[in-house]
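Worksheet for the structure shown next.
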Amino acid sequence: MRVRDLMTTPAFCLHPADTFAHARAEALGRHVHQLPVVDGEGRLVGMLAPSEVPAPRERSQSPVSRLMETGRLALRPEMTASEGRSLLEAAHVQSAPVLSRRRVVGMITLRDLARAEASAP
């Protein structure tokens, strides 16, 4: 089974100018822990985990570009579930964006990948 078969698509993405308050509300409303941040072309520029950022009142209007992490792991749609799981485990992360031609096309979680491997014959 391939990452493309398991990923959640379309992925909800933030933009660098979005506020932290908006990001937190979207993460809570969508029940997700990580959100990709993309530029105007849909290319990944960072990741934001709103639950991991302390939220003092003065940060609520900060742009996510000031709080996001860059250089995070991303998977490709053609990877196998086993390859994806190994990469996520090695990086100690629970989820990652899936990129095709540098653009975010979905999100995948370690749980999705482990479930697929467990159900494989």
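Every chain in the structure tokens takes a letter, A first, then B, and so on in the order presented; its residues are numbered from 1, and the ligands are numbered from 1 following the presented order.
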Set the distance at 12 Å and use only C-alpha atoms: which residues neighbour Pro77 (chain A) once local chain neighbours fewer than 4 positions away are removed? I'd like the list as a PyMOL selection string.
chain A and resi 1-9+81+83-84+96-108
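Here the question is which of A:Ala118, A:Thr19, A:Leu14, A:Leu110 gets nearest to Met47 (chain A) using only C-alpha atoms, and that residue is A:Leu14.
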Would you kindly return, as a VMD selection string, each protein, DNA or RNA residue with an atom no farther than 12 Å from any atom of Pro36 (chain A), considering only C-alpha atoms and excluding same-chain residues fewer than 4 positions away?
chain A and resid 10 to 16 18 23 26 to 27 32 42 to 50 64 to 65 68 to 74 95 to 99 103 to 108
Which of region 24-97 of chain A end up as strand (DSSP E) when DSSP is run on this backbone - answer as a PyMOL selection string?
chain A and resi 35-38+44-48+95-97
Saved selection, atoms kept: C-alpha atoms, as an mmCIF file, in the first residue's frame:
```cif
data_model
loop_
_atom_site.group_PDB
_atom_site.id
_atom_site.type_symbol
_atom_site.label_atom_id
_atom_site.label_comp_id
_atom_site.auth_asym_id
_atom_site.auth_seq_id
_atom_site.Cartn_x
_atom_site.Cartn_y
_atom_site.Cartn_z
ATOM 1 C CA LEU A 35 -0.936 22.139 10.088
ATOM 2 C CA PRO A 36 1.184 22.724 6.997
ATOM 3 C CA VAL A 37 2.004 26.324 6.100
ATOM 4 C CA VAL A 38 2.203 26.994 2.365
ATOM 5 C CA LEU A 44 5.400 23.877 1.904
ATOM 6 C CA VAL A 45 7.238 26.584 3.855
ATOM 7 C CA GLY A 46 6.749 25.241 7.374
ATOM 8 C CA MET A 47 4.636 23.345 9.884
ATOM 9 C CA LEU A 48 2.753 24.618 12.895
ATOM 10 C CA SER A 95 2.299 13.245 11.169
ATOM 11 C CA ALA A 96 3.762 14.750 8.021
ATOM 12 C CA PRO A 97 2.641 16.529 4.892
#
```
